[in-house]
Each structure stands twice: as structure tokens, then as C-alpha cells.
>>> print(open('run-v6.txt').read())   # compact mmCIF, C-alpha atoms
# COMPACT_ATOMS: atom_id res chain seq x y z
CA MET O 10 19.72 1.94 44.27
CA ILE O 11 16.27 2.11 45.80
CA ILE O 12 17.00 5.53 47.18
CA ALA O 13 18.32 6.65 43.83
CA ASP O 14 15.12 5.35 42.23
CA LYS O 15 13.01 7.63 44.36
CA GLU O 16 14.87 10.65 43.15
CA ILE O 17 14.50 9.83 39.51
CA THR O 18 11.81 11.84 37.77
CA VAL O 19 9.78 11.25 34.65
CA GLU O 20 11.87 13.98 33.06
CA ASP O 21 15.08 12.02 33.83
CA ILE O 22 13.67 8.91 32.18
CA ARG O 23 12.55 10.90 29.17
CA LYS O 24 16.02 12.37 28.83
CA MET O 25 17.65 8.98 29.25
CA LEU O 26 15.49 7.37 26.58
CA SER O 27 15.97 10.30 24.23
CA GLU O 28 19.48 8.94 23.75
CA VAL O 29 18.27 5.61 22.35
CA VAL O 30 18.98 5.58 18.62
CA ASP O 31 17.10 3.88 15.83
CA PRO O 32 18.94 0.63 15.03
CA GLU O 33 18.56 1.06 11.26
CA ILE O 34 19.18 4.81 11.04
CA PRO O 35 21.53 5.40 13.99
CA VAL O 36 21.86 9.15 13.37
CA VAL O 37 18.38 9.75 14.76
CA THR O 38 16.87 8.87 18.12
CA ILE O 39 13.53 7.29 18.91
CA ALA O 40 12.44 10.62 20.37
CA ASP O 41 13.37 12.41 17.11
CA LEU O 42 11.31 9.93 15.12
CA GLY O 43 8.25 10.18 17.35
CA ILE O 44 8.49 6.51 18.38
CA LEU O 45 8.86 7.44 22.05
CA ARG O 46 5.34 8.74 22.66
CA ASP O 47 5.28 9.34 26.37
CA VAL O 48 6.76 8.60 29.78
CA ARG O 49 4.60 8.87 32.87
CA LYS O 50 4.52 7.59 36.42
CA GLU O 51 1.64 5.46 37.63
CA GLU O 52 1.56 3.92 41.11
CA GLY O 53 5.29 4.32 41.51
CA LYS O 54 6.05 2.70 38.16
CA PHE O 55 7.43 4.39 35.07
CA ILE O 56 5.25 3.69 32.05
CA VAL O 57 7.10 4.08 28.75
CA ILE O 58 4.87 4.33 25.71
CA LEU O 59 6.29 3.38 22.33
CA THR O 60 4.57 3.24 18.96
CA PRO O 61 5.80 1.16 16.01
CA THR O 62 6.47 2.90 12.71
CA TYR O 63 5.39 0.28 10.15
CA SER O 64 3.53 -2.85 11.32
CA GLY O 65 6.27 -5.12 10.00
CA CYS O 66 9.30 -2.99 10.85
CA PRO O 67 11.94 -5.43 12.13
CA ALA O 68 13.48 -2.65 14.22
CA THR O 69 10.44 -2.50 16.51
CA ASP O 70 11.46 -5.40 18.75
CA MET O 71 15.03 -4.16 18.76
CA ILE O 72 13.90 -0.71 19.89
CA THR O 73 11.88 -2.16 22.76
CA LEU O 74 14.93 -4.17 23.85
CA SER O 75 17.18 -1.08 23.60
CA VAL O 76 14.76 0.85 25.82
CA ILE O 77 14.72 -1.93 28.42
CA LYS O 78 18.51 -2.17 28.31
CA LYS O 79 18.94 1.57 28.67
CA LEU O 80 16.75 1.63 31.76
CA ARG O 81 18.38 -1.40 33.34
CA ASP O 82 21.86 -0.01 32.63
CA ASN O 83 20.77 3.01 34.66
CA LYS O 84 19.66 0.70 37.47
CA ILE O 85 15.98 1.35 36.90
CA GLU O 86 13.79 -1.71 37.39
CA ASN O 87 10.33 -0.37 38.18
CA PHE O 88 9.12 0.28 34.65
CA HIS O 89 6.68 -1.11 32.12
CA VAL O 90 7.02 -0.67 28.35
CA VAL O 91 3.70 -0.36 26.54
CA THR O 92 3.22 -0.54 22.77
CA GLN O 93 0.46 1.74 21.61
CA LEU O 94 -0.86 1.56 18.05
CA SER O 95 -3.31 4.43 18.00
CA PRO O 96 -2.99 7.19 16.98
CA ALA O 97 -1.00 5.53 14.21
CA TRP O 98 2.56 6.73 13.84
CA THR O 99 3.07 9.40 11.23
CA THR O 100 6.13 11.19 9.87
CA ASP O 101 4.37 14.42 10.91
CA TRP O 102 5.68 13.70 14.42
CA MET O 103 9.28 13.95 13.29
CA THR O 104 11.09 16.91 14.75
CA ASP O 105 12.72 19.49 12.47
CA GLU O 106 16.02 18.52 14.03
CA CYS O 107 15.36 14.92 13.00
CA LYS O 108 14.75 15.98 9.40
CA ALA O 109 18.00 17.96 9.41
CA LYS O 110 19.92 14.97 10.79
CA LEU O 111 18.48 12.66 8.14
CA LYS O 112 19.46 15.08 5.41
CA ARG O 113 23.04 15.35 6.69
CA PHE O 114 23.16 11.55 6.70
CA GLY O 115 22.16 11.49 3.01
CA ILE O 116 18.51 10.50 3.42
CA ALA O 117 15.95 12.92 2.01
CA PRO O 118 13.50 13.71 4.85
CA PRO O 119 9.73 13.44 4.33
CA GLU O 120 8.29 16.48 2.62
CA GLY O 121 4.84 17.88 3.34
CA SER O 122 2.16 16.51 5.61
CA SER O 123 0.91 12.93 5.74
CA ALA O 124 -2.61 14.26 5.25
CA THR O 125 -1.80 15.28 1.70
CA GLU O 126 1.28 13.25 0.81
CA VAL O 127 0.38 9.75 2.00
CA LEU O 128 1.50 8.37 -1.31
CA GLU O 129 5.01 8.89 -2.47
CA LYS O 130 6.34 12.29 -3.33
CA LYS O 131 7.01 12.67 -7.03
CA HIS O 132 10.18 14.72 -6.82
CA PRO O 133 11.70 15.03 -3.34
CA ARG O 134 14.68 17.33 -3.02
CA CYS O 135 18.08 15.65 -3.46
CA PRO O 136 19.85 15.59 -0.06
CA HIS O 137 23.24 15.96 -1.79
CA CYS O 138 22.85 18.87 -4.24
CA HIS O 139 19.33 20.10 -3.31
CA SER O 140 18.07 19.75 -6.87
CA MET O 141 14.41 18.97 -7.35
CA ASP O 142 15.00 17.24 -10.66
CA THR O 143 14.75 13.76 -9.17
CA ILE O 144 13.15 10.52 -10.28
CA LEU O 145 11.70 7.50 -8.51
CA VAL O 146 13.73 4.31 -8.93
CA THR O 147 11.59 2.09 -6.74
CA ALA O 148 8.74 2.72 -4.33
CA PHE O 149 10.29 0.47 -1.70
CA GLY O 150 13.81 0.98 -0.37
CA THR O 151 16.13 -0.86 2.00
CA THR O 152 13.66 -0.42 4.86
CA ALA O 153 9.86 -0.23 4.95
CA CYS O 154 9.96 3.51 5.58
CA LYS O 155 12.02 4.54 2.55
CA ALA O 156 11.81 4.72 -1.24
CA LEU O 157 14.76 4.91 -3.63
CA PHE O 158 15.30 7.94 -5.88
CA LYS O 159 17.94 9.20 -8.28
CA CYS O 160 19.01 12.81 -8.84
CA ASN O 161 19.14 13.86 -12.48
CA ASP O 162 21.50 16.75 -11.69
CA CYS O 163 24.25 15.26 -9.52
CA ARG O 164 23.42 11.72 -10.72
CA GLU O 165 23.59 10.37 -7.18
CA PRO O 166 21.05 7.83 -5.98
CA PHE O 167 19.45 8.58 -2.62
CA GLU O 168 16.86 7.28 -0.21
CA TYR O 169 13.72 9.23 0.59
CA PHE O 170 12.02 8.78 3.94
CA LYS O 171 8.41 8.42 2.78
CA CYS O 172 5.74 10.72 4.08
CA HIS O 173 3.49 8.37 6.04
CA MET V 30 -20.41 -16.00 21.99
CA GLU V 31 -19.63 -12.58 20.71
CA ASP V 32 -15.98 -13.01 21.67
CA LYS V 33 -15.83 -16.17 19.57
CA ASN V 34 -17.04 -14.21 16.56
CA ILE V 35 -14.43 -11.53 17.14
CA TYR V 36 -11.77 -14.23 17.51
CA GLU V 37 -12.71 -15.89 14.22
CA TYR V 38 -12.99 -12.61 12.38
CA THR V 39 -9.55 -11.57 13.65
CA LEU V 40 -8.14 -14.91 12.48
CA MET V 41 -9.68 -14.43 9.04
CA LEU V 42 -7.86 -11.09 8.65
CA ALA V 43 -4.65 -12.31 10.26
CA ASP V 44 -4.50 -15.58 8.32
CA SER V 45 -5.11 -13.80 5.02
CA SER V 46 -2.21 -11.43 5.78
CA LEU V 47 0.15 -14.11 7.05
CA ILE V 48 -0.44 -16.53 4.18
CA MET V 49 -0.11 -13.73 1.65
CA GLY V 50 3.10 -12.56 3.33
CA GLN V 51 4.55 -16.07 3.49
CA ARG V 52 3.68 -16.72 -0.16
CA LEU V 53 5.12 -13.42 -1.38
CA SER V 54 8.29 -13.94 0.61
CA GLU V 55 9.06 -16.83 -1.75
CA TRP V 56 10.13 -14.08 -4.15
CA THR V 57 13.10 -13.25 -1.90
CA GLY V 58 16.15 -13.49 -4.11
CA HIS V 59 14.06 -14.27 -7.22
CA GLY V 60 12.61 -10.87 -8.17
CA PRO V 61 13.04 -9.80 -11.82
CA ILE V 62 15.48 -7.10 -10.70
CA LEU V 63 16.88 -6.18 -7.29
CA GLU V 64 14.54 -3.21 -6.74
CA LEU V 65 11.45 -5.32 -7.40
CA ASP V 66 12.73 -8.10 -5.22
CA ILE V 67 12.96 -5.54 -2.41
CA ALA V 68 9.54 -4.08 -3.20
CA ILE V 69 7.60 -7.34 -3.15
CA THR V 70 9.35 -8.61 -0.03
CA ASN V 71 8.68 -5.27 1.70
CA ILE V 72 5.00 -5.84 0.98
CA ALA V 73 5.35 -9.34 2.43
CA LEU V 74 6.90 -7.78 5.53
CA ASP V 75 4.02 -5.32 5.96
CA GLU V 76 1.57 -8.22 5.69
CA ILE V 77 3.37 -10.32 8.26
CA GLY V 78 3.60 -7.30 10.56
CA GLN V 79 -0.16 -6.75 10.33
CA ALA V 80 -0.73 -10.46 10.93
CA ARG V 81 1.40 -10.32 14.09
CA LEU V 82 -0.61 -7.44 15.57
CA LEU V 83 -3.84 -9.30 14.84
CA TYR V 84 -2.58 -12.62 16.24
CA GLN V 85 -1.48 -10.88 19.44
CA PHE V 86 -5.07 -9.72 19.89
CA ALA V 87 -6.41 -13.18 18.93
CA ALA V 88 -4.16 -14.77 21.57
CA GLU V 89 -5.52 -12.37 24.18
CA LEU V 90 -9.08 -13.37 23.27
CA LYS V 91 -8.25 -17.05 23.28
CA ASN V 92 -6.65 -16.88 26.72
CA LYS V 93 -9.67 -15.04 28.04
CA GLN V 94 -12.06 -17.64 26.61
CA GLU V 95 -10.00 -20.65 27.63
CA PRO V 96 -7.86 -19.77 30.62
CA GLY V 97 -4.77 -21.93 30.64
CA SER V 98 -4.59 -22.30 26.85
CA LYS V 99 -1.35 -20.29 26.86
CA ALA V 100 -1.95 -19.02 23.34
CA THR V 101 0.58 -16.64 21.80
CA GLU V 102 0.89 -15.14 18.33
CA ASP V 103 3.32 -17.97 17.56
CA THR V 104 1.16 -20.88 18.73
CA ILE V 105 -1.73 -19.56 16.64
CA ALA V 106 0.40 -19.12 13.52
CA PHE V 107 2.50 -22.26 13.78
CA LEU V 108 0.42 -24.90 15.51
CA ARG V 109 -2.88 -24.90 13.67
CA ASP V 110 -3.73 -27.13 10.72
CA ALA V 111 -5.01 -26.12 7.29
CA TRP V 112 -8.69 -26.55 8.20
CA ASP V 113 -8.29 -24.11 11.10
CA PHE V 114 -7.01 -21.37 8.78
CA LYS V 115 -9.60 -18.86 7.65
CA ASN V 116 -7.59 -17.02 5.02
CA LEU V 117 -9.09 -16.07 1.68
CA GLN V 118 -8.17 -18.80 -0.78
CA ILE V 119 -6.53 -16.35 -3.18
CA SER V 120 -3.74 -15.70 -0.66
CA GLU V 121 -2.55 -19.32 -0.68
CA LEU V 122 -2.37 -19.72 -4.48
CA PRO V 123 1.09 -20.19 -6.00
CA ASN V 124 2.83 -17.00 -7.08
CA GLY V 125 3.04 -17.85 -10.77
CA ASP V 126 4.87 -15.25 -12.82
CA TRP V 127 5.46 -11.63 -11.81
CA GLY V 128 2.19 -10.50 -13.41
CA GLN V 129 0.14 -13.06 -11.50
CA SER V 130 1.82 -12.07 -8.23
CA VAL V 131 1.19 -8.34 -8.68
CA LEU V 132 -2.41 -8.98 -9.71
CA LYS V 133 -2.92 -11.01 -6.55
CA ILE V 134 -1.50 -8.16 -4.45
CA PHE V 135 -3.73 -5.78 -6.40
CA PHE V 136 -6.93 -7.70 -5.58
CA LEU V 137 -6.01 -8.32 -1.97
CA ALA V 138 -4.74 -4.81 -1.25
CA HIS V 139 -7.98 -3.35 -2.63
CA TRP V 140 -9.94 -5.78 -0.43
CA GLN V 141 -7.88 -4.80 2.62
CA ARG V 142 -8.36 -1.13 1.89
CA GLN V 143 -12.15 -1.56 1.84
CA MET V 144 -12.12 -3.75 4.95
CA TYR V 145 -9.69 -1.66 7.04
CA GLY V 146 -11.43 1.50 5.84
CA LYS V 147 -14.59 0.26 7.61
CA LEU V 148 -12.79 -1.39 10.52
CA ILE V 149 -11.29 1.89 11.73
CA TYR V 150 -14.81 2.70 12.97
CA SER V 151 -15.23 -0.63 14.77
CA PRO V 152 -16.27 -0.47 18.44
CA ILE V 153 -13.53 -3.05 19.15
CA LYS V 154 -10.55 -0.87 19.91
CA ASN V 155 -7.86 -3.50 19.29
CA LEU V 156 -9.19 -4.01 15.77
CA SER V 157 -9.71 -0.35 14.96
CA ASP V 158 -6.16 0.41 16.17
CA VAL V 159 -4.64 -2.19 13.84
CA ALA V 160 -6.86 -1.00 10.99
CA GLU V 161 -5.71 2.59 11.44
CA LYS V 162 -2.07 1.52 11.03
CA ALA V 163 -2.65 -1.04 8.30
CA LEU V 164 -4.80 1.26 6.19
CA LYS V 165 -1.82 3.50 5.43
CA GLU V 166 0.32 0.53 4.44
CA VAL V 167 -2.21 -1.14 2.18
CA THR V 168 -2.93 2.18 0.47
CA TYR V 169 0.70 2.16 -0.61
CA HIS V 170 0.32 -1.44 -1.85
CA VAL V 171 -2.78 -0.45 -3.81
CA ARG V 172 -0.85 2.31 -5.50
CA TRP V 173 2.18 0.15 -6.31
CA SER V 174 0.24 -2.86 -7.62
CA SER V 175 -2.14 -0.67 -9.66
CA ASP V 176 0.88 0.86 -11.42
CA TRP V 177 2.12 -2.62 -12.30
CA VAL V 178 -1.26 -3.87 -13.49
CA ARG V 179 -1.52 -0.85 -15.85
CA ARG V 180 2.05 -1.20 -17.00
CA LEU V 181 1.83 -4.91 -17.86
CA GLY V 182 -1.78 -4.91 -19.09
CA ASP V 183 -1.20 -1.93 -21.32
CA GLY V 184 2.28 -3.15 -22.30
CA THR V 185 3.49 -5.54 -24.93
CA GLU V 186 1.44 -8.30 -26.52
CA GLU V 187 3.30 -10.80 -24.34
CA SER V 188 2.72 -8.93 -21.07
CA ARG V 189 -0.93 -8.22 -21.86
CA GLY V 190 -1.53 -11.89 -22.72
CA ARG V 191 0.01 -13.02 -19.46
CA MET V 192 -1.97 -10.50 -17.42
CA GLN V 193 -5.20 -11.56 -19.09
CA LYS V 194 -4.38 -15.18 -18.26
CA ALA V 195 -3.59 -14.25 -14.65
CA LEU V 196 -6.88 -12.35 -14.46
CA GLU V 197 -8.84 -15.36 -15.65
CA TYR V 198 -7.04 -17.58 -13.12
CA LEU V 199 -7.46 -15.26 -10.11
CA TRP V 200 -10.86 -13.70 -10.74
CA PRO V 201 -12.95 -16.68 -9.48
CA TYR V 202 -11.25 -16.34 -6.08
CA THR V 203 -12.44 -12.76 -5.58
CA GLN V 204 -16.09 -13.69 -4.99
CA GLU V 205 -15.60 -14.71 -1.35
CA PHE V 206 -14.09 -11.32 -0.43
CA PHE V 207 -17.42 -9.74 0.38
CA GLU V 208 -19.60 -12.75 1.14
CA PRO V 209 -19.68 -12.55 4.92
CA GLU V 210 -19.45 -15.56 7.17
CA GLY V 211 -21.64 -15.54 10.29
CA TYR V 212 -18.77 -14.28 12.44
CA GLU V 213 -18.30 -11.17 10.31
CA TRP V 214 -21.58 -9.60 11.40
CA ASP V 215 -21.86 -9.73 15.15
CA GLY V 216 -20.25 -6.92 17.05
CA ILE V 217 -17.42 -6.25 14.60
CA PHE V 218 -18.97 -3.30 12.83
CA GLU V 219 -21.48 -0.83 14.13
CA ASN V 220 -24.69 -0.53 12.15
CA ALA V 221 -23.76 -3.21 9.63
CA GLY V 222 -27.04 -3.54 7.76
CA GLU V 223 -27.94 -5.85 4.88
CA ASP V 224 -26.21 -3.64 2.34
CA PHE V 225 -23.00 -3.19 4.35
CA PHE V 226 -20.95 -5.83 2.54
CA GLU V 227 -22.70 -5.09 -0.75
CA ASN V 228 -21.48 -1.49 -0.48
CA MET V 229 -17.93 -2.60 0.22
CA LYS V 230 -18.10 -4.93 -2.76
CA ALA V 231 -19.40 -2.13 -4.98
CA GLY V 232 -16.53 0.10 -3.84
CA TRP V 233 -14.01 -2.65 -4.55
CA ASN V 234 -15.53 -3.40 -7.96
CA LYS V 235 -15.46 0.24 -8.95
CA GLU V 236 -11.81 0.79 -8.05
CA VAL V 237 -10.60 -2.50 -9.48
CA SER V 238 -12.55 -2.19 -12.74
CA LEU V 239 -11.23 1.30 -13.32
CA VAL V 240 -7.61 0.13 -13.25
CA LEU V 241 -8.31 -3.05 -15.23
CA THR V 242 -9.96 -0.95 -17.94
CA GLU V 243 -7.01 1.43 -18.04
CA ALA V 244 -4.83 -1.67 -18.35
CA SER V 245 -6.96 -2.77 -21.35
CA LEU V 246 -7.79 -6.08 -19.66
CA THR V 247 -11.17 -7.80 -20.03
CA LEU V 248 -13.09 -9.15 -17.04
CA PRO V 249 -14.03 -12.83 -17.35
CA GLU V 250 -17.64 -13.72 -18.25
CA SER V 251 -20.09 -13.29 -15.40
CA HIS V 252 -21.09 -16.98 -15.45
CA THR V 253 -17.57 -18.05 -14.45
CA TYR V 254 -17.64 -20.55 -11.56
CA MET V 255 -16.70 -18.67 -8.41
CA ARG V 256 -14.87 -20.32 -5.55
CA LYS V 257 -15.36 -19.79 -1.85
CA GLY V 258 -14.90 -21.44 1.52
CA GLY V 259 -11.52 -20.12 2.68
CA LYS V 260 -13.15 -18.06 5.43
CA LYS V 261 -14.59 -21.18 7.01
CA GLY V 262 -11.52 -23.38 6.58
CA LEU V 263 -12.03 -24.93 3.15
CA HIS V 264 -8.85 -24.57 1.14
CA THR V 265 -7.10 -25.50 -2.07
CA GLU V 266 -4.38 -28.15 -1.96
CA HIS V 267 -1.76 -25.38 -1.94
CA LEU V 268 -2.29 -24.30 1.67
CA GLY V 269 -1.14 -27.60 3.19
CA HIS V 270 2.15 -27.47 1.30
CA LEU V 271 2.72 -23.86 2.32
CA LEU V 272 2.05 -24.65 5.99
CA ALA V 273 4.29 -27.72 5.89
CA GLU V 274 7.19 -25.47 5.02
CA MET V 275 6.23 -22.51 7.22
CA GLN V 276 5.47 -24.57 10.33
CA PHE V 277 8.21 -27.16 9.98
CA LEU V 278 10.59 -25.75 12.56
CA GLN V 279 8.01 -25.27 15.33
CA ARG V 280 6.52 -28.70 14.66
CA ALA V 281 9.89 -30.48 14.67
CA TYR V 282 11.41 -28.46 17.52
CA PRO V 283 8.51 -27.15 19.63
CA GLY V 284 9.16 -23.78 21.22
CA CYS V 285 12.47 -23.36 19.39
CA GLU V 286 13.85 -19.82 19.46
CA TRP V 287 16.92 -18.12 18.07
>>> encode(input="run-v6.txt", output="C-alpha cells")
Amino acid sequence: MIIADKEITVEDIRKMLSEVVDPEIPVVTIADLGILRDVRKEEGKFIVILTPTYSGCPATDMITLSVIKKLRDNKIENFHVVTQLSPAWTTDWMTDECKAKLKRFGIAPPEGSSATEVLEKKHPRCPHCHSMDTILVTAFGTTACKALFKCNDCREPFEYFKCH
Amino acid sequence: MEDKNIYEYTLMLADSSLIMGQRLSEWTGHGPILELDIAITNIALDEIGQARLLYQFAAELKNKQEPGSKATEDTIAFLRDAWDFKNLQISELPNGDWGQSVLKIFFLAHWQRQMYGKLIYSPIKNLSDVAEKALKEVTYHVRWSSDWVRRLGDGTEESRGRMQKALEYLWPYTQEFFEPEGYEWDGIFENAGEDFFENMKAGWNKEVSLVLTEASLTLPESHTYMRKGGKKGLHTEHLGHLLAEMQFLQRAYPGCEW
């Protein structure tokens, strides 16, 4: 185990943790979402840097636990998980692949940049029929990061991952 | 000495968020419709999340000041009494009807936006980091609550009447927002001159008045008696009852976890 540890690189850890999924939206990983900020090695220890999405997101503790479990399952013990608040998490860090995965899952991905769209989008594109004739039902959805919309064309309700 | 000021200032922000979050969470399962139930409890969640980040920093400070005190975010939230809480009094007031609750969020979210908007430039990194995150969240609360204030104020005779009543009830509690306690000056903000809090207050007044006017609501007379004292631990009778419920488990079963 100790010998194996020596051979493990930062890149291996990064790859390993890229498989950890978000507990509330399990189609995307913490790397996709930009929650996994960095992995580096300091004095023989792997430092894993995570950033919470919303301050009160209940998934935050769960994500930290999943990361610890993932590392331990791979027999890695010499690590330290650090929560870093600044720079504050933004949906701008989401990968394009992440946005595509969300859309396939039925969640409209954030549109535009957080610099200009901090407040909710008026008419995000419907993830089902791609219509832009959509209307806000409520500014807060089932999780802190989403709002609820309805499509006037296909009549389906859908969640929109807010630009943040 | 400076650390003590930072500790108390952090508690003032954290307590205001926690008490507001705890109070708003009483709406869980009682919102007018499901979507609004979810909205108001999501706001409560954001507030409690911000409070947690601030308490974690407060615990760090406390342990540095008094080694061996073993403070954690939980001991600070659950094991202090009402007179130790430094929250703004408005946060502990009962929810009242929907209009009163959204107006309370409206006042507090505007206060937080002013405060966090300045705090992001604080030389204290732990505070500026929290402010950077929280600012985005409270901006969303400002937007949501402003929509509701306009909608109810500029609504039916019934809704306007209730909003006006809520305004008269809550307004006297807004005075203490920008009247700094001693601990708010030292070391928290850089270059906080005499007009620092006055400017924040002017910014708050401008934004709040604009929405209230659009909502066709009338501000109470300027000679209204204004309340204060929350920031130094003076509270209304409501805080004790709220804490009795919130702290019950940790008081009855110390250190209980699940």
C-alpha cells in the first residue's frame, strides 16, 4: 500500500475524483460542476481543494464525504481536503460537457455569463423541445441552484440551473 | 482587542442570518402554495448556510483567544443565551402573514447587500471570502422579495392594507441597521470614516424607497419611535422563545448527533 502510494500522482487523484458525482444531480460530476478546484501535492500529502456552490447547499458535506470515501476506497490515506470559498463558485466554471449532460437529463443548463446574468434568465431554452417561449413558475426550485420554468410550446415543466 | 471586535462583528452577521433562517424555516409546510413554500425555505437555507460559514470563522477566533475553549460552529449557535446573541431585532420578530415575512426579507436582504458589498473589500480574508459568496445569494433574495413587495403593495385593497400594516410594524426595527456598535469600526473595514455607515444607510434608503414607492406604500412618519439594541444583546421577548425551540436538543442531549 505504501509503495503503491508513492507511485500515485496528482493526475491519478484528479482522475479518481473526477468520477465523484453530485449527490443531487448524479448525471454530473464534481469536476464537471467546477466544485473540484484543484489537487496538488505538498510535503508528500495530496491537498484536495473543493468549493461549495451555494452557502447552504446540503450536498456540500455529502460531497466532502464522497471525496474522502473515494480516496480511502483506493487505499489513499495521506490527503487533506480543504474547502476554499474564494473565488466564489460560479456556473461559468461548468464545462460544456456538463451543460450537455444536464440538458440530456432534462435540466436547462445556465445560459450566458454570471457577469451579466446573475439574476434569473427570463426565458431559458426548454430542454425538451428547445423552444424559447418559456415562463418562470418560481424563482426557487427543488435545490438552491435551480428555478422552475414551464414551456408554453410543449407544455412541460422543467428546471433551470440558474446562472450564478 | 482587535480580534474581539472581529469576533463580535462576525457574531452580529452570523446571528442575524441564523435567526432569520430559523424564523423563516417555520414556513416549511405552511407556504401559501408549494412553490412559495420552497422559495421561502430556500432563502432560509441560504441564510443558515451563510451563518455556518461565519460561525466556523468565529469558532476559530474564539479558540485562538481562549485556547481550550473547544468552540465549534455548533457550540456557538446552540449553547449561548439570548443576551449573547447580537442579531438585528427584526430577524427575531414573528413571521406574521406572508406579506410581513416577505417585507422582512426585503429589508434584511437589502441590508445584507449593502453590508456584504462593503465587506468584500475587508482586509480580513475570512470575512471577505464569505461576503463574496453571500453577496450573490442575497442579490437574488433582494430581487425576489422586491417583486413580492411590489406585487402585494400594488395589488388589491386587502393586500395593500396588509403590506402597509406590515411596513408600520417593521419600519421601527430598521434604524439599528446602520448605527454601528463599537466593534463594527475597528479593523473590519479599511478607511471607514465618519460617513461610512451614513453612506451605506443612504444606499439602503434609496433602494428600499424606490421599491416601496413603486408598491404605492407610504413610509411611516419620521417621528416614529425607533428601536435598537439587538447588536449589543438587547432583544424582544420573541428571541428567547425561538432559542428555546432551536436549542432544545443540544441543551437536553449535549453533543447529540444523528
>>> interface_residues(input="run-v6.txt", of="chain O", to="chain V", cutoff="10 Å", atoms="only C-alpha atoms", output="PyMOL selection string")
chain O and resi 61-67+93-99+123+127-129+146-154+156-157+173
>>> atom_distance(input="run-v6.txt", atom1="atom CA of Asp32 of chain V", atom2="atom CA of Gln118 of chain V")
24.5 Å
>>> closest_residue(input="run-v6.txt", among="O:Val19, O:Val48, O:Val76, O:Val57", to="Pro32 of chain O", atoms="all atoms listed in the file")
O:Val76
>>> closest_residue(input="run-v6.txt", among="V:Ala88, V:Leu117, V:Met144, V:Leu278", to="Thr104 of chain V", atoms="only C-alpha atoms")
V:Ala88
>>> atom_distance(input="run-v6.txt", atom1="atom CA of Val171 of chain V", atom2="atom CA of Asp183 of chain V")
17.6 Å
>>> residues_around(input="run-v6.txt", residues="Ile77 of chain O", least_positions_apart="4", cutoff="8 Å", atoms="only C-alpha atoms", output="list in words")
Thr73, Arg81 and Val90 of chain O
>>> residues_around(input="run-v6.txt", residues="Asp47 of chain O", least_positions_apart="4", cutoff="9 Å", atoms="all atoms listed in the file", output="list in words")
Arg23, Ile56, Val57, Ile58 and Leu59 of chain O
>>> closest_residue(input="run-v6.txt", among="O:Gly115, O:Glu168, O:Met25, O:Ser122", to="Thr143 of chain O", atoms="all atoms listed in the file")
O:Glu168
>>> atom_distance(input="run-v6.txt", atom1="atom CA of Val37 of chain O", atom2="atom CA of Asn83 of chain O")
21.1 Å
>>> closest_residue(input="run-v6.txt", among="O:Cys138, O:Cys160, O:Ile39, O:Val91", to="Lys112 of chain O", atoms="all atoms listed in the file")
O:Cys138
>>> residues_around(input="run-v6.txt", residues="segment 125-140 of chain V", least_positions_apart="3", cutoff="6 Å", atoms="all atoms listed in the file", output="list in words")
Gln143, Val167, Val171, Ser174, Met192 and Ala195 of chain V
>>> residues_around(input="run-v6.txt", residues="Asn234 of chain V", least_positions_apart="2", cutoff="12 Å", atoms="all atoms listed in the file", output="PyMOL selection string")
chain V and resi 136+139-140+143+200+203-204+206-207+227-232+236-242+248
>>> residues_around(input="run-v6.txt", residues="segment 118-120 of chain O", least_positions_apart="5", cutoff="8 Å", atoms="only C-alpha atoms", output="list in words")
Thr100, Lys108, Ala109, Leu111, Lys112, Glu126, Lys130, Pro133, Tyr169, Phe170, Lys171 and Cys172 of chain O
>>> axis_aligned_box(input="run-v6.txt", around="segment 65-81 of chain O", padding_each_side="5 Å", output="AutoDock Vina command-line options")
--center_x 12.6 --center_y -1.9 --center_z 21.7 --size_x 22.7 --size_y 17.1 --size_z 33.3
>>> decode(input="run-v6.txt", residues="segment 73-125 of chain V", atoms="C-alpha atoms", output="CSV table (one decimal), in the first residue's frame")
chain,number,residue,atom,x,y,z
V,73,ALA,CA,-33.9,30.2,5.0
V,74,LEU,CA,-31.3,27.6,3.8
V,75,ASP,CA,-29.1,30.3,2.2
V,76,GLU,CA,-29.2,32.2,5.5
V,77,ILE,CA,-28.3,29.3,7.6
V,78,GLY,CA,-25.5,28.4,5.2
V,79,GLN,CA,-24.0,31.9,5.5
V,80,ALA,CA,-24.4,31.7,9.2
V,81,ARG,CA,-22.4,28.4,9.3
V,82,LEU,CA,-19.5,29.8,7.4
V,83,LEU,CA,-19.4,32.8,9.7
V,84,TYR,CA,-19.7,30.7,12.9
V,85,GLN,CA,-16.8,28.5,11.7
V,86,PHE,CA,-14.6,31.6,11.5
V,87,ALA,CA,-16.0,32.8,14.9
V,88,ALA,CA,-15.0,29.5,16.4
V,89,GLU,CA,-11.5,29.8,15.0
V,90,LEU,CA,-11.2,33.2,16.6
V,91,LYS,CA,-12.6,32.1,19.9
V,92,ASN,CA,-10.2,29.1,20.1
V,93,LYS,CA,-7.3,31.4,19.3
V,94,GLN,CA,-8.3,33.9,22.0
V,95,GLU,CA,-9.2,31.3,24.6
V,96,PRO,CA,-7.2,28.1,24.0
V,97,GLY,CA,-9.0,25.2,25.3
V,98,SER,CA,-12.5,26.7,24.8
V,99,LYS,CA,-13.2,24.0,22.2
V,100,ALA,CA,-15.6,26.3,20.3
V,101,THR,CA,-17.3,25.0,17.2
V,102,GLU,CA,-20.0,26.4,14.9
V,103,ASP,CA,-22.5,24.3,16.9
V,104,THR,CA,-21.4,25.4,20.4
V,105,ILE,CA,-21.7,29.0,19.4
V,106,ALA,CA,-25.1,28.6,17.8
V,107,PHE,CA,-26.7,26.2,20.3
V,108,LEU,CA,-25.1,27.0,23.7
V,109,ARG,CA,-25.4,30.7,24.0
V,110,ASP,CA,-28.3,32.6,25.7
V,111,ALA,CA,-30.4,35.4,24.3
V,112,TRP,CA,-28.3,38.2,25.8
V,113,ASP,CA,-25.2,36.8,24.0
V,114,PHE,CA,-26.9,37.0,20.6
V,115,LYS,CA,-26.1,40.1,18.5
V,116,ASN,CA,-28.7,39.7,15.8
V,117,LEU,CA,-30.7,42.6,14.5
V,118,GLN,CA,-34.0,42.6,16.3
V,119,ILE,CA,-36.0,42.5,13.1
V,120,SER,CA,-34.8,39.0,12.4
V,121,GLU,CA,-36.3,37.5,15.6
V,122,LEU,CA,-39.8,39.0,15.1
V,123,PRO,CA,-42.7,36.6,14.4
V,124,ASN,CA,-43.3,35.9,10.7
V,125,GLY,CA,-46.9,37.2,10.7
